[in-house]
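K.L.:
Below is the file entry.cif, with mmCIF, C-alpha atoms (C1' of nucleotides).
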data_entry
loop_
_atom_site.label_atom_id
_atom_site.label_comp_id
_atom_site.auth_asym_id
_atom_site.auth_seq_id
_atom_site.Cartn_x
_atom_site.Cartn_y
_atom_site.Cartn_z
CA MET A 19 -92.59 368.43 40.69
CA SER A 20 -91.50 366.33 37.77
CA ILE A 21 -94.75 364.40 37.39
CA ALA A 22 -97.61 366.59 36.30
CA GLY A 23 -100.96 366.45 38.01
CA ASP A 24 -102.91 365.08 35.12
CA LEU A 25 -100.70 362.01 35.04
CA ILE A 26 -101.84 361.17 38.53
CA ARG A 27 -105.43 362.24 38.09
CA GLY A 28 -107.76 359.45 38.99
CA HIS A 29 -105.09 357.83 41.15
CA THR A 30 -105.09 360.21 44.10
CA ASP A 31 -107.77 358.26 45.89
CA ALA A 32 -105.80 355.07 45.45
CA ILE A 33 -102.66 356.68 46.82
CA ILE A 34 -104.41 358.05 49.89
CA LEU A 35 -106.26 354.83 50.62
CA ALA A 36 -103.11 352.77 50.19
CA ARG A 37 -101.36 354.99 52.72
CA LEU A 38 -104.22 354.71 55.22
CA LEU A 39 -104.14 350.96 54.80
CA GLN A 40 -100.83 351.13 56.69
CA GLY A 41 -102.47 352.88 59.61
CA ASP A 42 -104.28 356.07 60.60
CA SER A 43 -102.63 359.28 59.57
CA TYR A 44 -103.29 362.96 58.97
CA GLY A 45 -103.02 365.21 55.96
CA TYR A 46 -99.72 366.85 56.59
CA GLU A 47 -98.01 363.56 57.32
CA ILE A 48 -99.48 361.76 54.33
CA ASN A 49 -98.13 364.51 52.12
CA LYS A 50 -94.70 364.15 53.65
CA VAL A 51 -94.72 360.40 53.18
CA ILE A 52 -95.77 360.73 49.55
CA SER A 53 -93.02 363.22 48.94
CA THR A 54 -90.46 360.97 50.60
CA LEU A 55 -91.58 357.76 48.89
CA SER A 56 -91.40 359.46 45.52
CA SER A 57 -88.00 360.99 46.32
CA GLY A 58 -89.54 364.42 45.98
CA ARG A 59 -90.60 363.77 42.39
CA PHE A 60 -94.25 364.00 43.25
CA GLU A 61 -96.31 365.73 45.83
CA LEU A 62 -100.04 366.14 46.20
CA LYS A 63 -100.99 369.78 46.48
CA GLU A 64 -102.78 370.61 49.71
CA ALA A 65 -105.93 371.70 47.90
CA THR A 66 -105.99 368.38 46.10
CA LEU A 67 -105.37 366.43 49.25
CA TYR A 68 -108.11 368.01 51.32
CA THR A 69 -110.56 367.84 48.43
CA ALA A 70 -109.83 364.14 48.21
CA PHE A 71 -110.29 363.63 51.96
CA LYS A 72 -113.67 365.29 51.76
CA ARG A 73 -114.69 363.18 48.78
CA LEU A 74 -113.51 359.95 50.37
CA GLU A 75 -115.23 360.73 53.64
CA GLU A 76 -118.50 361.48 51.84
CA LEU A 77 -118.17 358.14 50.08
CA GLY A 78 -117.69 356.48 53.44
CA HIS A 79 -114.24 355.17 52.52
CA ILE A 80 -112.51 356.98 55.35
CA ALA A 81 -113.52 358.36 58.75
CA SER A 82 -111.92 361.24 60.62
CA TYR A 83 -111.33 362.26 64.22
CA TRP A 84 -109.43 365.05 65.92
CA GLY A 85 -106.30 363.65 67.50
CA GLY A 86 -103.61 364.56 69.98
CA SER A 87 -101.90 367.56 68.53
CA GLY A 88 -98.35 366.97 69.74
CA PRO A 89 -96.20 369.97 68.99
CA GLY A 90 -97.76 372.43 66.55
CA ALA A 91 -101.32 372.65 65.34
CA ARG A 92 -104.18 370.26 65.96
CA ARG A 93 -104.45 367.27 63.65
CA ARG A 94 -107.36 365.61 61.98
CA TYR A 95 -106.67 361.92 61.68
CA TYR A 96 -108.15 359.70 59.05
CA ALA A 97 -108.89 356.00 59.28
CA ILE A 98 -109.81 353.68 56.45
CA THR A 99 -113.21 351.98 56.70
CA PRO A 100 -114.17 348.50 55.49
CA SER A 101 -115.66 349.97 52.33
CA GLY A 102 -112.46 351.96 51.94
CA ARG A 103 -110.46 348.75 52.06
CA GLU A 104 -112.57 347.24 49.35
CA ALA A 105 -112.26 350.37 47.24
CA CYS A 106 -108.53 350.33 47.78
CA TYR A 107 -108.15 346.74 46.63
CA ARG A 108 -110.27 347.49 43.60
CA LEU A 109 -108.20 350.56 42.76
CA LEU A 110 -104.98 348.61 43.18
CA SER A 111 -106.10 346.00 40.70
CA GLU A 112 -107.30 348.71 38.35
CA TRP A 113 -103.86 350.23 38.53
CA ARG A 114 -102.29 346.93 37.56
CA GLU A 115 -104.64 346.69 34.61
CA THR A 116 -103.98 350.28 33.60
CA LYS A 117 -100.25 349.61 33.59
CA GLU A 118 -100.67 346.54 31.47
CA ILE A 119 -102.89 348.25 28.93
CA MET A 120 -100.81 351.41 28.79
CA ASP A 121 -97.65 349.42 28.19
CA LYS A 122 -99.32 347.75 25.24
CA LEU A 123 -100.65 351.00 23.85
CA LEU A 124 -97.34 352.79 24.16
CA GLU A 125 -95.32 349.94 22.72
CA THR A 126 -93.36 351.06 19.71
CA GLU A 127 -90.76 349.42 17.55
CA GLY A 128 -87.18 350.54 17.19
CA THR A 129 -87.35 353.63 19.33
CA PRO A 130 -85.49 354.83 22.43
CA MET B 23 -114.91 349.75 29.17
CA SER B 24 -113.21 348.38 32.23
CA ILE B 25 -110.66 351.15 32.60
CA ALA B 26 -112.20 354.52 33.32
CA GLY B 27 -111.12 357.53 31.33
CA ASP B 28 -109.74 359.38 34.29
CA LEU B 29 -107.18 356.65 34.85
CA ILE B 30 -105.78 357.33 31.42
CA ARG B 31 -106.19 361.07 31.64
CA GLY B 32 -103.01 362.84 30.77
CA HIS B 33 -101.81 359.85 28.76
CA THR B 34 -104.05 360.19 25.71
CA ASP B 35 -101.52 362.35 23.92
CA ALA B 36 -98.84 359.75 24.59
CA ILE B 37 -101.04 356.98 23.25
CA ILE B 38 -101.90 358.85 20.07
CA LEU B 39 -98.32 359.93 19.43
CA ALA B 40 -97.02 356.44 20.06
CA ARG B 41 -99.47 355.08 17.51
CA LEU B 42 -98.48 357.69 14.92
CA LEU B 43 -94.85 356.82 15.50
CA GLN B 44 -95.67 353.54 13.76
CA GLY B 45 -96.92 355.40 10.69
CA ASP B 46 -99.60 357.79 9.50
CA SER B 47 -103.14 356.94 10.45
CA TYR B 48 -106.60 358.40 10.85
CA GLY B 49 -108.98 358.78 13.76
CA TYR B 50 -111.26 355.88 13.17
CA GLU B 51 -108.40 353.47 12.66
CA ILE B 52 -106.45 354.66 15.67
CA ASN B 53 -109.50 354.04 17.81
CA LYS B 54 -109.83 350.54 16.43
CA VAL B 55 -106.18 349.78 17.09
CA ILE B 56 -106.43 351.05 20.65
CA SER B 57 -109.48 348.92 21.25
CA THR B 58 -107.76 345.87 19.79
CA LEU B 59 -104.45 346.36 21.60
CA SER B 60 -106.27 346.70 24.90
CA SER B 61 -108.46 343.68 24.14
CA GLY B 62 -111.50 345.93 24.27
CA ARG B 63 -110.77 346.96 27.84
CA PHE B 64 -110.18 350.56 26.87
CA GLU B 65 -111.33 352.83 24.12
CA LEU B 66 -110.93 356.52 23.58
CA LYS B 67 -114.25 358.23 23.08
CA GLU B 68 -114.53 360.01 19.76
CA ALA B 69 -114.97 363.42 21.35
CA THR B 70 -111.80 362.86 23.35
CA LEU B 71 -109.90 361.66 20.34
CA TYR B 72 -110.77 364.58 18.08
CA THR B 73 -110.16 367.06 20.89
CA ALA B 74 -106.73 365.52 21.30
CA PHE B 75 -105.99 365.70 17.57
CA LYS B 76 -106.87 369.36 17.56
CA ARG B 77 -104.70 370.04 20.58
CA LEU B 78 -101.74 368.11 19.18
CA GLU B 79 -102.01 369.81 15.82
CA GLU B 80 -102.10 373.24 17.46
CA LEU B 81 -98.98 372.29 19.37
CA GLY B 82 -97.33 371.31 16.11
CA HIS B 83 -96.85 367.72 17.22
CA ILE B 84 -98.89 366.27 14.39
CA ALA B 85 -99.91 367.39 10.88
CA SER B 86 -102.97 366.36 8.95
CA TYR B 87 -103.98 365.83 5.34
CA TRP B 88 -107.04 364.51 3.58
CA GLY B 89 -106.31 361.10 2.18
CA GLY B 90 -107.72 358.54 -0.23
CA SER B 91 -111.03 357.55 1.19
CA GLY B 92 -111.18 353.92 0.10
CA PRO B 93 -114.59 352.50 0.82
CA GLY B 94 -116.75 354.69 3.06
CA ALA B 95 -116.24 358.27 4.09
CA ARG B 96 -113.26 360.54 3.48
CA ARG B 97 -110.39 360.25 5.91
CA ARG B 98 -108.19 362.80 7.57
CA TYR B 99 -104.76 361.33 8.07
CA TYR B 100 -102.37 362.44 10.73
CA ALA B 101 -98.58 362.35 10.64
CA ILE B 102 -96.22 362.89 13.53
CA THR B 103 -93.82 365.82 13.24
CA PRO B 104 -90.24 366.06 14.58
CA SER B 105 -91.48 367.98 17.60
CA GLY B 106 -94.14 365.31 18.02
CA ARG B 107 -91.43 362.66 18.12
CA GLU B 108 -89.59 364.52 20.82
CA ALA B 109 -92.80 364.99 22.78
CA CYS B 110 -93.56 361.31 22.40
CA TYR B 111 -90.19 360.21 23.74
CA ARG B 112 -90.58 362.60 26.63
CA LEU B 113 -94.06 361.29 27.41
CA LEU B 114 -92.84 357.71 27.21
CA SER B 115 -90.16 358.36 29.77
CA GLU B 116 -92.63 360.23 31.94
CA TRP B 117 -94.87 357.20 31.83
CA ARG B 118 -91.99 355.01 33.02
CA GLU B 119 -91.39 357.41 35.88
CA THR B 120 -95.07 357.59 36.75
CA LYS B 121 -95.24 353.81 36.93
CA GLU B 122 -92.22 353.66 39.19
CA ILE B 123 -93.52 356.32 41.54
CA MET B 124 -97.06 354.98 41.61
CA ASP B 125 -95.83 351.51 42.43
CA LYS B 126 -93.93 352.89 45.38
CA LEU B 127 -96.87 354.96 46.56
CA LEU B 128 -99.32 352.10 46.28
CA GLU B 129 -97.04 349.59 47.91
CA THR B 130 -98.69 348.08 50.95
CA GLU B 131 -97.72 345.27 53.25
CA GLY B 132 -99.60 342.03 53.66
CA THR B 133 -102.50 342.78 51.34
CA PRO B 134 -103.93 341.09 48.28
"C1'" DA C 4 -90.28 391.44 72.61
"C1'" DT C 5 -90.52 390.30 67.77
"C1'" DA C 6 -89.82 387.97 63.75
"C1'" DT C 7 -89.44 383.86 61.22
"C1'" DA C 8 -90.18 379.28 60.10
"C1'" DG C 9 -92.46 375.12 60.80
"C1'" DT C 10 -96.74 372.49 61.75
"C1'" DA C 11 -101.43 371.89 60.44
"C1'" DC C 12 -105.80 372.83 58.64
"C1'" DC C 13 -109.26 374.76 55.09
"C1'" DT C 14 -111.81 377.20 50.95
"C1'" DC C 15 -112.73 379.67 46.56
"C1'" DG C 16 -112.54 379.84 41.82
"C1'" DC C 17 -110.15 378.86 37.58
"C1'" DC C 18 -108.51 375.59 34.15
"C1'" DT C 19 -108.27 371.54 31.51
"C1'" DG C 20 -109.43 367.03 29.76
"C1'" DT C 21 -113.19 363.65 29.28
"C1'" DC C 22 -117.36 362.42 27.31
"C1'" DA C 23 -122.64 362.08 26.38
"C1'" DA C 24 -125.28 363.64 22.98
"C1'" DG C 25 -126.06 365.26 18.87
"C1'" DG C 26 -125.05 366.09 13.91
"C1'" DT C 27 -123.15 365.32 8.82
"C1'" DA C 28 -122.06 362.44 4.71
"C1'" DC C 29 -120.98 358.50 2.08
"C1'" DT C 30 -121.27 353.26 0.83
"C1'" DT C 31 -122.81 348.61 0.92
"C1'" DC C 32 -125.94 344.97 1.40
"C1'" DA C 33 -130.42 342.97 2.38
"C1'" DT D 30 -135.99 351.49 1.16
"C1'" DG D 31 -133.65 351.05 5.19
"C1'" DA D 32 -130.17 349.58 8.27
"C1'" DA D 33 -125.45 349.20 9.37
"C1'" DG D 34 -120.85 350.40 8.79
"C1'" DT D 35 -117.25 353.94 7.84
"C1'" DA D 36 -115.68 358.42 8.95
"C1'" DC D 37 -115.66 363.02 10.63
"C1'" DC D 38 -116.93 367.00 13.90
"C1'" DT D 39 -119.01 370.25 17.75
"C1'" DT D 40 -121.32 371.71 21.93
"C1'" DG D 41 -121.97 371.86 26.71
"C1'" DA D 42 -121.77 369.76 31.18
"C1'" DC D 43 -118.89 367.88 34.66
"C1'" DA D 44 -115.13 366.60 37.76
"C1'" DG D 45 -110.61 366.74 39.56
"C1'" DG D 46 -106.27 369.31 40.21
"C1'" DC D 47 -104.35 373.29 42.02
"C1'" DG D 48 -102.87 378.47 42.61
"C1'" DA D 49 -103.81 381.67 45.80
"C1'" DG D 50 -105.32 382.98 49.79
"C1'" DG D 51 -106.58 382.44 54.71
"C1'" DT D 52 -106.44 380.72 59.93
"C1'" DA D 53 -104.03 379.27 64.21
"C1'" DC D 54 -100.60 377.49 67.08
"C1'" DT D 55 -95.48 376.58 68.64
"C1'" DA D 56 -90.52 376.92 68.77
"C1'" DT D 57 -86.33 379.17 67.86
"C1'" DA D 58 -83.52 382.90 66.79
"C1'" DT D 59 -82.57 387.89 66.97
#
What is this structure when it is put down as structure tokens?

P.N.:
Amino acid sequence: MSIAGDLIRGHTDAIILARLLQGDSYGYEINKVISTLSSGRFELKEATLYTAFKRLEELGHIASYWGGSGPGARRRYYAITPSGREACYRLLSEWRETKEIMDKLLETEGTP
Amino acid sequence: MSIAGDLIRGHTDAIILARLLQGDSYGYEINKVISTLSSGRFELKEATLYTAFKRLEELGHIASYWGGSGPGARRRYYAITPSGREACYRLLSEWRETKEIMDKLLETEGTP
DNA sequence: ATATAGTACCTCGCCTGTCAAGGTACTTCA
DNA sequence: TGAAGTACCTTGACAGGCGAGGTACTATAT
């Protein structure tokens, strides 16, 4: 992984919620999608992912149900809740602000 | 502060190094500059700042010296070292990559 | 038949960075 | 005399990321 965990810290929830905004999904698949979207440059570790699911479910931002297993093991699907949507929108706008601020703070003159 | 610390986590070193790239400075001033540049929306807590200084100095990325105190208390100035410059450039490019990846991961369709 | 690899989930315990709270010491101005 | 500003520093708690380990099922190859 080329992007270290601490760089993403605090954004995992946003990533997961943004993915669930596109439709219900399950852990393994979300991880795959993240890996694909980032061209393999970033992947959530399983421990991180399931910790986040637990946290988000406790917060009421997502809800889970056991779904059709297809081929392979059983799957636990997650769905975003109304409060999850709100949280997601808030996190998205926080991300925009973070970018803006960071760009200002990292601005330097006459450097590569 | 409107941007929580965890959102910046992992980027503090980059911020500090980028500031020192502009010239030697001391803790109190760096904090002021960060607060100003971010229009007060973000400020490093003192504990975080001094922890970071210590870490960066141990890594050899910055060097410190006691400087003219002017009015008020004595100041410990920090200067960026060659290895600090390298680290800074690396962190800057990592930030660009993080932005790119995050934007892809947070991309959603038909949402505010 | 047996092994291997893929799908899919989960937990424990460590590590690291952030920060609230507390402290020191000096100067200036009311 | 006291408050407010400048300037530094440490301790301990806390939270999130993640390495390592585990479970269970299926499909394919040997």

K.L.:
Excluding DT27 of chain C and its own-chain neighbours fewer than 3 positions away, which residues fall within 12 Å of it when counting all atoms listed in the file? Please give them as an mmCIF file with C-alpha atoms (C1' of nucleotides), in the coordinates of the input.

P.N.:
data_model
loop_
_atom_site.group_PDB
_atom_site.id
_atom_site.type_symbol
_atom_site.label_atom_id
_atom_site.label_comp_id
_atom_site.auth_asym_id
_atom_site.auth_seq_id
_atom_site.Cartn_x
_atom_site.Cartn_y
_atom_site.Cartn_z
ATOM 1 C CA ALA B 95 -116.240 358.270 4.090
ATOM 2 C "C1'" DA D 36 -115.680 358.420 8.950
ATOM 3 C "C1'" DC D 37 -115.660 363.020 10.630
ATOM 4 C "C1'" DC D 38 -116.930 367.000 13.900
ATOM 5 C "C1'" DT D 39 -119.010 370.250 17.750
#

K.L.:
Using Å and a single decimal, report how far atom CA of Ser101 of chain A sits from atom CA of Thr66 of chain A.

P.N.:
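Atom-to-atom, atom CA of Thr66 of chain A and atom CA of Ser101 of chain A are spaced 21.7 Å apart.
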
K.L.:
Edge lengths and centre in Å to one decimal, as JSON, of the axis-aligned box that encloses all listed atoms of segment 22-33 of chain C with 4 Å added on every side?

P.N.:
{"center_x": -123.9, "center_y": 354.5, "center_z": 14.1, "size_x": 21.1, "size_y": 31.1, "size_z": 34.5}

K.L.:
Which one is closest to chain D: B:Ser115, B:Thr130, B:Asn53, B:Thr58? Count only C-alpha atoms (C1' of nucleotides).

P.N.:
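Checking each of B:Ser115, B:Thr130, B:Asn53, B:Thr58 against chain D, counting only C-alpha atoms (C1' of nucleotides), the winner is B:Asn53.
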
K.L.:
Can you list what the PyMOL selection byres ((chain A) within 7 of (chain C)) grabs from this structure, as a PyMOL selection string?

P.N.:
chain A and resi 46+90-93

K.L.:
Residues of chain B within 12 Å of chain D, counting only C-alpha atoms (C1' of nucleotides) - could you list those as JSON, numbers by chain?

P.N.:
{"B": [27, 28, 29, 31, 32, 48, 49, 50, 51, 53, 54, 68, 69, 70, 71, 72, 73, 75, 76, 88, 89, 91, 92, 93, 94, 95, 96, 97, 98, 99]}

K.L.:
How far is it from atom CA of Leu38 of chain A to atom CA of Ile98 of chain A, in Å with one decimal?

P.N.:
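Atom-to-atom, atom CA of Leu38 of chain A and atom CA of Ile98 of chain A are spaced 5.8 Å apart.
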
K.L.:
In Å, how far is it from atom CA of Lys122 of chain A to atom CA of Glu129 of chain B?

P.N.:
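Computing the Euclidean distance for atom CA of Lys122 of chain A and atom CA of Glu129 of chain B yields 22.9 Å.
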
K.L.:
Exactly which residues make up the result of the PyMOL selection byres ((chain B) within 8 of (chain A)) on this file, given as an MDAnalysis selection string?

P.N.:
chainID B and resid 25 28:33 36:37 40:41 43:44 56 59:60 64 111 114 116 119:121 123:124 126:131 134

K.L.:
Expand the PyMOL selection byres ((chain B and resi 100) around 6) into the explicit residue set it covers here, and present it as a ChimeraX atom specification.

P.N.:
/B:46-48,85-86,99,101
